[in-house]
$ cat model34.cif   # mmCIF, C-alpha atoms
data_input
loop_
_atom_site.group_PDB
_atom_site.id
_atom_site.type_symbol
_atom_site.label_atom_id
_atom_site.label_comp_id
_atom_site.auth_asym_id
_atom_site.auth_seq_id
_atom_site.Cartn_x
_atom_site.Cartn_y
_atom_site.Cartn_z
ATOM 1 C CA MET P 1 0.000 0.000 0.000
ATOM 2 C CA GLU P 2 1.054 3.567 -0.693
ATOM 3 C CA ILE P 3 2.725 5.594 2.077
ATOM 4 C CA VAL P 4 0.650 8.746 2.671
ATOM 5 C CA LEU P 5 2.563 10.209 5.640
ATOM 6 C CA GLU P 6 6.315 9.887 6.016
ATOM 7 C CA VAL P 7 8.283 11.351 8.929
ATOM 8 C CA LYS P 8 12.102 11.247 8.830
ATOM 9 C CA ASN P 9 14.523 12.278 11.581
ATOM 10 C CA LEU P 10 12.309 15.031 12.994
ATOM 11 C CA ASN P 11 14.005 17.309 15.529
ATOM 12 C CA LYS P 12 12.642 20.173 17.619
ATOM 13 C CA SER P 13 14.065 22.252 20.472
ATOM 14 C CA PHE P 14 12.657 25.061 22.566
ATOM 15 C CA GLY P 15 15.619 27.092 23.770
ATOM 16 C CA SER P 16 18.193 24.677 25.135
ATOM 17 C CA LYS P 17 15.623 21.916 25.700
ATOM 18 C CA ARG P 18 15.505 19.298 22.960
ATOM 19 C CA ILE P 19 11.920 18.050 22.634
ATOM 20 C CA LEU P 20 12.140 15.701 19.627
ATOM 21 C CA LYS P 21 15.160 13.596 18.694
ATOM 22 C CA ASP P 22 15.214 12.057 15.211
ATOM 23 C CA VAL P 23 11.555 10.975 15.258
ATOM 24 C CA SER P 24 10.731 8.719 12.284
ATOM 25 C CA PHE P 25 7.635 6.715 11.265
ATOM 26 C CA ASN P 26 5.237 6.379 8.341
ATOM 27 C CA ILE P 27 1.581 5.625 7.675
ATOM 28 C CA LYS P 28 0.118 3.791 4.691
ATOM 29 C CA GLN P 29 -3.288 4.072 3.039
ATOM 30 C CA GLY P 30 -5.990 2.454 5.174
ATOM 31 C CA GLU P 31 -3.718 2.132 8.227
ATOM 32 C CA ILE P 32 -4.533 3.431 11.718
ATOM 33 C CA LEU P 33 -1.340 4.168 13.666
ATOM 34 C CA GLY P 34 -1.586 4.662 17.432
ATOM 35 C CA PHE P 35 0.905 7.292 18.641
ATOM 36 C CA ILE P 36 1.523 6.598 22.318
ATOM 37 C CA GLY P 37 3.863 7.719 25.059
ATOM 38 C CA PRO P 38 3.966 9.268 28.550
ATOM 39 C CA ASN P 39 2.943 12.883 29.131
ATOM 40 C CA GLY P 40 5.702 15.174 27.910
ATOM 41 C CA ALA P 41 7.094 12.547 25.515
ATOM 42 C CA GLY P 42 6.614 14.793 22.478
ATOM 43 C CA LYS P 43 3.366 13.530 20.925
ATOM 44 C CA THR P 44 1.540 16.864 20.584
ATOM 45 C CA THR P 45 4.719 18.656 19.475
ATOM 46 C CA THR P 46 5.167 16.059 16.730
ATOM 47 C CA ILE P 47 1.581 16.534 15.579
ATOM 48 C CA LYS P 48 1.974 20.321 15.486
ATOM 49 C CA LEU P 49 5.091 19.951 13.337
ATOM 50 C CA LEU P 50 3.269 17.596 10.957
ATOM 51 C CA LEU P 51 0.526 20.195 10.502
ATOM 52 C CA GLY P 52 2.835 23.180 10.121
ATOM 53 C CA LEU P 53 1.632 24.717 13.400
ATOM 54 C CA GLN P 54 5.243 24.880 14.629
ATOM 55 C CA SER P 55 8.471 25.114 12.663
ATOM 56 C CA ILE P 56 10.673 22.063 12.076
ATOM 57 C CA ASP P 57 14.299 22.478 13.235
ATOM 58 C CA SER P 58 15.535 19.614 11.076
ATOM 59 C CA GLY P 59 14.165 16.486 9.479
ATOM 60 C CA GLU P 60 11.471 15.920 6.923
ATOM 61 C CA VAL P 61 7.699 15.455 6.826
ATOM 62 C CA ARG P 62 6.165 14.303 3.545
ATOM 63 C CA ILE P 63 2.421 14.034 2.992
ATOM 64 C CA ASN P 64 1.498 12.270 -0.243
ATOM 65 C CA GLY P 65 5.063 12.921 -1.374
ATOM 66 C CA TYR P 66 4.961 16.682 -0.697
ATOM 67 C CA ASP P 67 7.447 18.243 1.729
ATOM 68 C CA VAL P 68 5.621 20.167 4.490
ATOM 69 C CA LYS P 69 8.435 22.738 4.737
ATOM 70 C CA LYS P 70 8.892 23.379 1.009
ATOM 71 C CA GLU P 71 5.451 22.560 -0.444
ATOM 72 C CA PHE P 72 3.133 23.365 2.452
ATOM 73 C CA CYS P 73 -0.100 24.058 0.527
ATOM 74 C CA GLU P 74 0.197 20.911 -1.575
ATOM 75 C CA ALA P 75 1.124 18.797 1.467
ATOM 76 C CA ILE P 76 -1.549 20.063 3.829
ATOM 77 C CA GLY P 77 -4.307 20.140 1.192
ATOM 78 C CA ASN P 78 -4.988 16.432 1.677
ATOM 79 C CA VAL P 79 -4.918 16.436 5.493
ATOM 80 C CA GLY P 80 -7.745 16.623 8.022
ATOM 81 C CA ALA P 81 -6.987 17.146 11.710
ATOM 82 C CA ILE P 82 -8.385 17.719 15.176
ATOM 83 C CA VAL P 83 -5.849 18.918 17.744
ATOM 84 C CA GLU P 84 -7.252 18.658 21.279
ATOM 85 C CA SER P 85 -10.948 19.481 20.642
ATOM 86 C CA PRO P 86 -12.987 20.385 17.527
ATOM 87 C CA ASP P 87 -13.245 24.129 16.862
ATOM 88 C CA LEU P 88 -17.009 24.571 16.471
ATOM 89 C CA TYR P 89 -19.533 27.418 16.627
ATOM 90 C CA MET P 90 -21.793 26.297 19.461
ATOM 91 C CA TYR P 91 -24.647 28.712 18.639
ATOM 92 C CA LEU P 92 -24.970 27.424 15.053
ATOM 93 C CA THR P 93 -26.400 24.146 13.798
ATOM 94 C CA GLY P 94 -24.164 21.293 12.833
ATOM 95 C CA ARG P 95 -25.051 21.808 9.177
ATOM 96 C CA LYS P 96 -24.229 25.530 9.300
ATOM 97 C CA ASN P 97 -20.834 24.715 10.850
ATOM 98 C CA LEU P 98 -20.065 22.368 7.952
ATOM 99 C CA GLU P 99 -21.257 24.883 5.360
ATOM 100 C CA LEU P 100 -18.934 27.559 6.783
ATOM 101 C CA ILE P 101 -15.979 25.165 6.684
ATOM 102 C CA ALA P 102 -16.915 24.015 3.164
ATOM 103 C CA ASN P 103 -16.606 27.637 1.985
ATOM 104 C CA MET P 104 -12.880 27.484 2.791
ATOM 105 C CA TYR P 105 -12.324 24.837 0.116
ATOM 106 C CA LYS P 106 -12.901 24.725 -3.599
ATOM 107 C CA PHE P 107 -15.203 22.100 -5.058
ATOM 108 C CA VAL P 108 -16.938 21.034 -1.793
ATOM 109 C CA THR P 109 -20.518 20.541 -2.928
ATOM 110 C CA LYS P 110 -23.784 20.310 -1.024
ATOM 111 C CA GLU P 111 -23.758 16.617 -1.940
ATOM 112 C CA ARG P 112 -20.381 16.207 -0.216
ATOM 113 C CA ILE P 113 -21.727 17.919 2.920
ATOM 114 C CA ASP P 114 -24.686 15.518 2.951
ATOM 115 C CA GLU P 115 -22.281 12.629 2.381
ATOM 116 C CA VAL P 116 -20.060 13.421 5.390
ATOM 117 C CA ILE P 117 -23.122 13.972 7.587
ATOM 118 C CA LYS P 118 -24.169 10.427 6.721
ATOM 119 C CA VAL P 119 -20.628 9.049 7.155
ATOM 120 C CA VAL P 120 -20.450 10.337 10.744
ATOM 121 C CA GLY P 121 -24.052 9.339 11.528
ATOM 122 C CA LEU P 122 -25.492 12.775 12.356
ATOM 123 C CA GLU P 123 -28.415 12.821 9.891
ATOM 124 C CA ASN P 124 -31.047 13.072 12.644
ATOM 125 C CA ARG P 125 -29.389 15.891 14.611
ATOM 126 C CA ILE P 126 -27.489 17.914 12.002
ATOM 127 C CA ASP P 127 -30.002 20.789 12.083
ATOM 128 C CA ASP P 128 -29.850 21.126 15.880
ATOM 129 C CA LYS P 129 -27.575 23.705 17.471
ATOM 130 C CA VAL P 130 -24.174 22.291 18.437
ATOM 131 C CA SER P 131 -24.725 23.500 22.016
ATOM 132 C CA LYS P 132 -27.319 20.716 22.312
ATOM 133 C CA TYR P 133 -24.883 18.012 21.156
ATOM 134 C CA SER P 134 -23.226 15.488 23.447
ATOM 135 C CA LEU P 135 -19.407 15.412 23.507
ATOM 136 C CA GLY P 136 -19.458 12.353 21.258
ATOM 137 C CA MET P 137 -21.672 14.118 18.712
ATOM 138 C CA ARG P 138 -19.402 17.180 18.723
ATOM 139 C CA GLN P 139 -16.425 14.923 18.112
ATOM 140 C CA ARG P 140 -18.211 13.306 15.166
ATOM 141 C CA LEU P 141 -19.107 16.732 13.777
ATOM 142 C CA GLY P 142 -15.462 17.727 14.169
ATOM 143 C CA ILE P 143 -14.413 14.691 12.155
ATOM 144 C CA ALA P 144 -17.032 15.534 9.508
ATOM 145 C CA ALA P 145 -15.443 18.993 9.257
ATOM 146 C CA ALA P 146 -11.956 17.460 9.073
ATOM 147 C CA ILE P 147 -12.855 15.129 6.192
ATOM 148 C CA ILE P 148 -15.197 17.412 4.227
ATOM 149 C CA HIS P 149 -12.517 18.085 1.573
ATOM 150 C CA LYS P 150 -11.825 14.331 1.081
ATOM 151 C CA PRO P 151 -8.352 14.140 2.663
ATOM 152 C CA ASN P 152 -6.493 10.848 2.673
ATOM 153 C CA VAL P 153 -4.622 11.632 5.922
ATOM 154 C CA LEU P 154 -6.436 12.228 9.227
ATOM 155 C CA ILE P 155 -4.545 13.333 12.356
ATOM 156 C CA LEU P 156 -6.277 13.235 15.748
ATOM 157 C CA ASP P 157 -4.786 14.344 19.075
ATOM 158 C CA GLU P 158 -6.529 12.782 22.092
ATOM 159 C CA PRO P 159 -9.922 12.379 20.356
ATOM 160 C CA THR P 160 -11.449 10.248 23.146
ATOM 161 C CA ASN P 161 -10.898 12.850 25.902
ATOM 162 C CA GLY P 162 -14.117 13.379 27.843
ATOM 163 C CA LEU P 163 -16.104 10.772 25.906
ATOM 164 C CA ASP P 164 -18.262 8.196 27.655
ATOM 165 C CA PRO P 165 -17.983 4.493 26.645
ATOM 166 C CA GLU P 166 -20.742 4.852 24.036
ATOM 167 C CA GLY P 167 -19.060 7.912 22.505
ATOM 168 C CA ILE P 168 -15.723 6.089 22.390
ATOM 169 C CA LYS P 169 -17.312 3.108 20.638
ATOM 170 C CA GLU P 170 -18.979 5.381 18.067
ATOM 171 C CA LEU P 171 -15.652 7.117 17.390
ATOM 172 C CA ARG P 172 -13.825 3.789 17.115
ATOM 173 C CA ASP P 173 -16.339 2.421 14.606
ATOM 174 C CA LEU P 174 -16.201 5.643 12.592
ATOM 175 C CA LEU P 175 -12.389 5.643 12.350
ATOM 176 C CA LYS P 176 -12.309 1.982 11.330
ATOM 177 C CA SER P 177 -14.857 2.739 8.634
ATOM 178 C CA LEU P 178 -12.892 5.756 7.327
ATOM 179 C CA ALA P 179 -9.680 3.730 7.126
ATOM 180 C CA LYS P 180 -11.380 0.863 5.327
ATOM 181 C CA LYS P 181 -13.884 2.591 3.025
ATOM 182 C CA GLU P 182 -12.126 5.884 2.280
ATOM 183 C CA LYS P 183 -8.580 4.419 2.433
ATOM 184 C CA MET P 184 -7.448 7.098 4.889
ATOM 185 C CA GLY P 185 -4.181 6.866 6.733
ATOM 186 C CA ILE P 186 -5.001 7.839 10.331
ATOM 187 C CA LEU P 187 -2.633 8.969 13.086
ATOM 188 C CA ILE P 188 -4.266 8.923 16.512
ATOM 189 C CA SER P 189 -2.558 10.069 19.689
ATOM 190 C CA SER P 190 -4.287 8.834 22.829
ATOM 191 C CA HIS P 191 -3.805 7.949 26.486
ATOM 192 C CA ASN P 192 -6.618 5.400 26.277
ATOM 193 C CA LEU P 193 -4.499 2.338 25.502
ATOM 194 C CA ALA P 194 -7.247 -0.206 26.198
ATOM 195 C CA GLU P 195 -9.397 1.508 23.578
ATOM 196 C CA LEU P 196 -6.581 1.942 21.040
ATOM 197 C CA GLU P 197 -5.833 -1.755 21.295
ATOM 198 C CA SER P 198 -9.276 -2.570 19.889
ATOM 199 C CA PHE P 199 -8.877 -0.802 16.565
ATOM 200 C CA VAL P 200 -5.373 0.445 15.671
ATOM 201 C CA SER P 201 -3.240 -1.734 13.418
ATOM 202 C CA ASP P 202 0.197 -0.501 14.512
ATOM 203 C CA VAL P 203 1.705 1.585 17.289
ATOM 204 C CA CYS P 204 4.541 4.085 17.448
ATOM 205 C CA LEU P 205 5.888 4.404 20.992
ATOM 206 C CA ILE P 206 7.674 7.645 21.872
ATOM 207 C CA GLN P 207 9.537 8.372 25.118
ATOM 208 C CA ASN P 208 11.607 11.439 26.044
ATOM 209 C CA GLY P 209 11.325 12.731 22.477
ATOM 210 C CA SER P 210 12.625 9.553 20.810
ATOM 211 C CA VAL P 211 10.767 6.737 19.070
ATOM 212 C CA ILE P 212 11.630 3.555 20.955
ATOM 213 C CA SER P 213 9.382 1.167 19.030
ATOM 214 C CA THR P 214 7.284 1.106 15.862
ATOM 215 C CA SER P 215 5.535 -2.186 15.280
ATOM 216 C CA SER P 216 2.242 -4.004 15.027
ATOM 217 C CA ILE P 217 0.368 -4.347 18.304
ATOM 218 C CA LYS P 218 0.911 -8.102 18.099
ATOM 219 C CA ASP P 219 4.693 -7.711 17.845
ATOM 220 C CA LEU P 220 4.811 -5.144 20.658
ATOM 221 C CA LYS P 221 2.917 -7.503 22.973
ATOM 222 C CA HIS P 222 4.972 -10.568 22.045
ATOM 223 C CA SER P 223 8.627 -10.837 22.885
ATOM 224 C CA GLU P 224 10.856 -13.741 21.803
ATOM 225 C CA LYS P 225 9.793 -15.576 24.934
ATOM 226 C CA ALA P 226 6.085 -15.628 25.728
ATOM 227 C CA LEU P 227 4.378 -16.740 28.923
ATOM 228 C CA TYR P 228 2.561 -20.090 28.567
ATOM 229 C CA VAL P 229 0.024 -21.525 30.987
ATOM 230 C CA PHE P 230 -0.297 -25.306 31.371
ATOM 231 C CA LYS P 231 -3.270 -26.961 33.089
ATOM 232 C CA LEU P 232 -2.272 -30.397 34.432
ATOM 233 C CA ASP P 233 -3.812 -33.110 36.586
ATOM 234 C CA LYS P 234 -1.120 -32.424 39.207
ATOM 235 C CA THR P 235 1.939 -30.229 39.761
ATOM 236 C CA ASP P 236 4.035 -32.570 41.976
ATOM 237 C CA ASN P 237 7.698 -33.280 41.229
ATOM 238 C CA LEU P 238 7.814 -31.158 38.083
ATOM 239 C CA GLU P 239 11.344 -29.921 38.848
ATOM 240 C CA THR P 240 12.844 -33.269 37.877
ATOM 241 C CA VAL P 241 10.716 -33.528 34.719
ATOM 242 C CA LEU P 242 11.035 -30.066 33.228
ATOM 243 C CA LYS P 243 14.501 -29.076 34.450
ATOM 244 C CA THR P 244 13.716 -25.454 33.609
ATOM 245 C CA LYS P 245 12.271 -22.473 35.471
ATOM 246 C CA PHE P 246 8.477 -22.433 35.980
ATOM 247 C CA GLU P 247 5.934 -20.983 38.406
ATOM 248 C CA VAL P 248 3.329 -23.105 40.197
ATOM 249 C CA VAL P 249 0.058 -21.148 40.278
ATOM 250 C CA ASP P 250 -1.983 -23.803 42.148
ATOM 251 C CA GLU P 251 -2.515 -27.590 42.196
ATOM 252 C CA GLN P 252 -3.289 -27.674 38.471
ATOM 253 C CA TYR P 253 -1.718 -24.652 36.794
ATOM 254 C CA ILE P 254 1.880 -23.734 36.035
ATOM 255 C CA LYS P 255 3.372 -20.845 34.055
ATOM 256 C CA MET P 256 6.531 -20.928 31.957
ATOM 257 C CA SER P 257 8.398 -18.362 29.876
ATOM 258 C CA LEU P 258 9.170 -20.142 26.603
ATOM 259 C CA GLU P 259 9.938 -19.669 22.959
ATOM 260 C CA GLU P 260 7.033 -21.005 20.894
ATOM 261 C CA LYS P 261 9.163 -23.749 19.322
ATOM 262 C CA MET P 262 9.886 -25.167 22.816
ATOM 263 C CA VAL P 263 6.214 -25.784 23.680
ATOM 264 C CA PRO P 264 5.929 -29.209 21.918
ATOM 265 C CA GLU P 265 9.090 -30.364 23.697
ATOM 266 C CA VAL P 266 7.638 -29.452 27.113
ATOM 267 C CA VAL P 267 4.358 -31.203 26.241
ATOM 268 C CA GLU P 268 6.264 -34.342 25.203
ATOM 269 C CA LYS P 269 8.226 -34.403 28.485
ATOM 270 C CA LEU P 270 5.042 -34.074 30.528
ATOM 271 C CA ILE P 271 3.263 -36.863 28.640
ATOM 272 C CA LYS P 272 6.239 -39.209 28.970
ATOM 273 C CA SER P 273 6.221 -38.590 32.718
ATOM 274 C CA LYS P 274 2.504 -39.531 32.914
ATOM 275 C CA TYR P 275 1.131 -36.028 33.472
ATOM 276 C CA LYS P 276 -2.278 -35.342 31.964
ATOM 277 C CA ILE P 277 -2.467 -32.055 30.044
ATOM 278 C CA TYR P 278 -5.874 -30.392 29.909
ATOM 279 C CA GLU P 279 -4.884 -27.023 28.472
ATOM 280 C CA VAL P 280 -1.939 -25.102 27.004
ATOM 281 C CA ARG P 281 -2.357 -21.420 26.208
ATOM 282 C CA GLU P 282 -0.278 -18.326 25.734
ATOM 283 C CA GLU P 283 -0.946 -15.588 28.277
ATOM 284 C CA VAL P 284 -1.177 -12.452 26.147
ATOM 285 C CA ILE P 285 -0.404 -9.161 27.878
ATOM 286 C CA SER P 286 -2.428 -6.002 27.231
ATOM 287 C CA LEU P 287 -1.133 -3.027 25.248
ATOM 288 C CA GLU P 288 -0.859 -1.074 28.502
ATOM 289 C CA GLU P 289 1.245 -3.844 30.089
ATOM 290 C CA ALA P 290 3.454 -3.952 26.988
ATOM 291 C CA PHE P 291 3.786 -0.162 27.133
ATOM 292 C CA LEU P 292 4.840 -0.216 30.800
ATOM 293 C CA LYS P 293 7.301 -3.019 30.118
ATOM 294 C CA LYS P 294 8.834 -1.162 27.168
ATOM 295 C CA THR P 295 9.068 2.199 28.941
ATOM 296 C CA GLY P 296 10.287 0.769 32.233
ATOM 297 C CA GLY P 297 7.101 1.557 34.125
ATOM 298 C CA ASN P 298 6.444 5.049 32.781
ATOM 299 C CA VAL P 299 2.774 5.524 33.526
ATOM 300 C CA ILE P 300 0.322 7.358 31.324
ATOM 301 C CA ASP P 301 -1.636 9.754 33.473
#
$ encode --input "model34.cif" --output "structure tokens"
Amino acid sequence: MEIVLEVKNLNKSFGSKRILKDVSFNIKQGEILGFIGPNGAGKTTTIKLLLGLQSIDSGEVRINGYDVKKEFCEAIGNVGAIVESPDLYMYLTGRKNLELIANMYKFVTKERIDEVIKVVGLENRIDDKVSKYSLGMRQRLGIAAAIIHKPNVLILDEPTNGLDPEGIKELRDLLKSLAKKEKMGILISSHNLAELESFVSDVCLIQNGSVISTSSIKDLKHSEKALYVFKLDKTDNLETVLKTKFEVVDEQYIKMSLEEKMVPEVVEKLIKSKYKIYEVREEVISLEEAFLKKTGGNVID
């Protein structure tokens, strides 16, 4: 798939304080990249540099092949974004907000406005004043405004802030739909790791201004050695059978840190020693646990 956002060796300092250090990652068409890290790691600064809201000290940002520093209008023309919260006129209707934003672009038709209203699921409330909208509805209207000009890159900074579980689910379903149906590349910065885990395809982990990992969620959560749980008929005298480190959970369960290729060997040893095996499963850690492990316990607060 085509790369729509490419970030290479991005650096930024404020005075003597270096905020970003050679930050690099890319996003392809139809991909949702979770941008995660502790507070102060450099997430919002990175997003502001991508959008031209702050100047780049060194490095390169290319959007659809256009350099943000040298070809800003061409680069930013295919980008939609919400930084922090949508900028909406509360005393106007949702439709009027979209019409005002549409006037800023060429070729945005009434049909396109109706189309984005349907995409974000606001058909029944679009003619109500925004002041009557829930937070989730305002967020959806904000996304409608961000995609009204048919961008293929969408950048969202903390879009789930203040949303209730229903609002978060609606936003999640909407972003998945935009990535799949409109082939958008989406960058989403969020503290809500449990929620990100349910719909992003890859994650970029930033700490102290440096990218320390860019991978699929699956790869981030799986190291070379995974934790396997075995359910047996008994756990007596296993030291002599296994001759490797394991943890006895109770009379039936043990845990072992193993490479996947070693699992059949362990099973064979247990069977030969007359142990009955009822279950073998990998204990998969959550994205938040993987994050804490990777950052050495840096909490997201």
$ closest_residue --input "model34.cif" --among "P:Met104, P:Val263, P:Ile188, P:Ile168" --to "Arg140 (chain P)" --atoms "only C-alpha atoms"
P:Ile168
$ atom_distance --input "model34.cif" --atom1 "CA of Gln139 (chain P)" --atom2 "CA of Gly209 (chain P)"
28.2 Å
$ resolve_selection --input "model34.cif" --expression "the PyMOL selection byres ((chain P and resi 121) around 12)" --output "list in words"
Asp114, Glu115, Val116, Ile117, Lys118, Val119, Val120, Leu122, Glu123, Asn124, Arg125, Ile126, Gly136, Met137, Arg138, Gln139, Arg140, Leu141, Ile143, Ala144, Glu170, Leu171, Asp173, Leu174 and Ser177 of chain P
$ write_last_selection --input "model34.cif" --atoms "C-alpha atoms" --output "compact mmCIF listing (two decimals), keeping the file's coordinate frame"
# COMPACT_ATOMS: atom_id res chain seq x y z
CA ASP P 114 -24.69 15.52 2.95
CA GLU P 115 -22.28 12.63 2.38
CA VAL P 116 -20.06 13.42 5.39
CA ILE P 117 -23.12 13.97 7.59
CA LYS P 118 -24.17 10.43 6.72
CA VAL P 119 -20.63 9.05 7.16
CA VAL P 120 -20.45 10.34 10.74
CA LEU P 122 -25.49 12.78 12.36
CA GLU P 123 -28.42 12.82 9.89
CA ASN P 124 -31.05 13.07 12.64
CA ARG P 125 -29.39 15.89 14.61
CA ILE P 126 -27.49 17.91 12.00
CA GLY P 136 -19.46 12.35 21.26
CA MET P 137 -21.67 14.12 18.71
CA ARG P 138 -19.40 17.18 18.72
CA GLN P 139 -16.42 14.92 18.11
CA ARG P 140 -18.21 13.31 15.17
CA LEU P 141 -19.11 16.73 13.78
CA ILE P 143 -14.41 14.69 12.16
CA ALA P 144 -17.03 15.53 9.51
CA GLU P 170 -18.98 5.38 18.07
CA LEU P 171 -15.65 7.12 17.39
CA ASP P 173 -16.34 2.42 14.61
CA LEU P 174 -16.20 5.64 12.59
CA SER P 177 -14.86 2.74 8.63
$ closest_residue --input "model34.cif" --among "P:Ile277, P:Leu242, P:Leu196, P:Leu88" --to "Leu33 (chain P)" --atoms "all atoms listed in the file"
P:Leu196
$ closest_atom_pairs --input "model34.cif" --of "region 119-207 of chain P" --to "region 47-61 of chain P" --cutoff "12 Å" --atoms "only C-alpha atoms" --output "CSV"
residue,atom,partner,partner_atom,distance
P:Val153,CA,P:Leu51,CA,11.0
P:Leu154,CA,P:Leu51,CA,10.7
P:Ile155,CA,P:Ile47,CA,7.6
P:Leu156,CA,P:Ile47,CA,8.5
P:Asp157,CA,P:Ile47,CA,7.6
P:Glu158,CA,P:Ile47,CA,11.1
P:Leu187,CA,P:Ile47,CA,9.0
P:Ile188,CA,P:Ile47,CA,9.6
P:Ser189,CA,P:Ile47,CA,8.7
$ closest_residue --input "model34.cif" --among "P:Gln252, P:Thr46, P:Asn11, P:Thr93" --to "Tyr133 (chain P)" --atoms "all atoms listed in the file"
P:Thr93
$ resolve_selection --input "model34.cif" --expression "the PyMOL selection byres ((chain P and resi 8) around 7)" --output "PyMOL selection string"
chain P and resi 6-7+9-10+23-25+59-61
$ atom_distance --input "model34.cif" --atom1 "CA of Val203 (chain P)" --atom2 "CA of Lys181 (chain P)"
21.2 Å
$ atom_distance --input "model34.cif" --atom1 "CA of Thr160 (chain P)" --atom2 "CA of Ser190 (chain P)"
7.3 Å
$ residues_around --input "model34.cif" --residues "Asn78 (chain P)" --least-positions-apart "6" --cutoff "12 Å" --atoms "only C-alpha atoms" --output "list of chain:residue names"
P:Val4, P:Leu5, P:Leu51, P:Arg62, P:Ile63, P:Asn64, P:Gly65, P:Tyr66, P:Val68, P:Phe72, P:Tyr105, P:Ala146, P:Ile147, P:Ile148, P:His149, P:Lys150, P:Pro151, P:Asn152, P:Val153, P:Leu154, P:Ile155, P:Met184, P:Gly185
$ resolve_selection --input "model34.cif" --expression "the PyMOL selection byres ((chain P and resi 244) around 10)" --output "ChimeraX atom specification"
/P:238-243,245-246,256-258,266
$ residues_around --input "model34.cif" --residues "Leu175 (chain P)" --least-positions-apart "6" --cutoff "9 Å" --atoms "all atoms listed in the file" --output "PDB file with C-alpha atoms, in the frame of the given file"
ATOM      1  CA  ILE P  32      -4.533   3.431  11.718  1.00  0.00           C
ATOM      2  CA  ILE P 186      -5.001   7.839  10.331  1.00  0.00           C
ATOM      3  CA  PHE P 199      -8.877  -0.802  16.565  1.00  0.00           C
TER       4      PHE P 199
END
$ decode --input "model34.cif" --residues "region 186-190 of chain P" --atoms "all heavy atoms" --output "PDB file, in the first residue's frame"
ATOM      1  N   ILE P 186      -4.578   7.104   9.128  1.00  0.00           N
ATOM      2  CA  ILE P 186      -5.001   7.839  10.331  1.00  0.00           C
ATOM      3  C   ILE P 186      -3.929   7.744  11.412  1.00  0.00           C
ATOM      4  O   ILE P 186      -3.463   6.647  11.745  1.00  0.00           O
ATOM      5  CB  ILE P 186      -6.341   7.293  10.871  1.00  0.00           C
ATOM      6  CG1 ILE P 186      -7.440   7.424   9.796  1.00  0.00           C
ATOM      7  CG2 ILE P 186      -6.754   8.029  12.141  1.00  0.00           C
ATOM      8  CD1 ILE P 186      -8.771   6.803  10.189  1.00  0.00           C
ATOM      9  N   LEU P 187      -3.533   8.900  11.931  1.00  0.00           N
ATOM     10  CA  LEU P 187      -2.633   8.969  13.086  1.00  0.00           C
ATOM     11  C   LEU P 187      -3.462   9.407  14.276  1.00  0.00           C
ATOM     12  O   LEU P 187      -4.112  10.452  14.245  1.00  0.00           O
ATOM     13  CB  LEU P 187      -1.511   9.978  12.835  1.00  0.00           C
ATOM     14  CG  LEU P 187      -0.541  10.207  14.014  1.00  0.00           C
ATOM     15  CD1 LEU P 187       0.307   8.961  14.254  1.00  0.00           C
ATOM     16  CD2 LEU P 187       0.361  11.406  13.753  1.00  0.00           C
ATOM     17  N   ILE P 188      -3.457   8.596  15.336  1.00  0.00           N
ATOM     18  CA  ILE P 188      -4.266   8.923  16.512  1.00  0.00           C
ATOM     19  C   ILE P 188      -3.400   8.847  17.772  1.00  0.00           C
ATOM     20  O   ILE P 188      -2.839   7.805  18.096  1.00  0.00           O
ATOM     21  CB  ILE P 188      -5.505   8.001  16.609  1.00  0.00           C
ATOM     22  CG1 ILE P 188      -6.297   8.257  17.888  1.00  0.00           C
ATOM     23  CG2 ILE P 188      -5.151   6.545  16.481  1.00  0.00           C
ATOM     24  CD1 ILE P 188      -7.657   7.593  17.896  1.00  0.00           C
ATOM     25  N   SER P 189      -3.279   9.995  18.425  1.00  0.00           N
ATOM     26  CA  SER P 189      -2.558  10.069  19.689  1.00  0.00           C
ATOM     27  C   SER P 189      -3.566   9.940  20.814  1.00  0.00           C
ATOM     28  O   SER P 189      -4.583  10.637  20.815  1.00  0.00           O
ATOM     29  CB  SER P 189      -1.826  11.413  19.773  1.00  0.00           C
ATOM     30  OG  SER P 189      -1.439  11.678  21.106  1.00  0.00           O
ATOM     31  N   SER P 190      -3.311   9.028  21.750  1.00  0.00           N
ATOM     32  CA  SER P 190      -4.287   8.834  22.829  1.00  0.00           C
ATOM     33  C   SER P 190      -3.627   8.237  24.056  1.00  0.00           C
ATOM     34  O   SER P 190      -2.644   7.492  23.965  1.00  0.00           O
ATOM     35  CB  SER P 190      -5.409   7.908  22.352  1.00  0.00           C
ATOM     36  OG  SER P 190      -6.338   7.676  23.390  1.00  0.00           O
TER      37      SER P 190
END
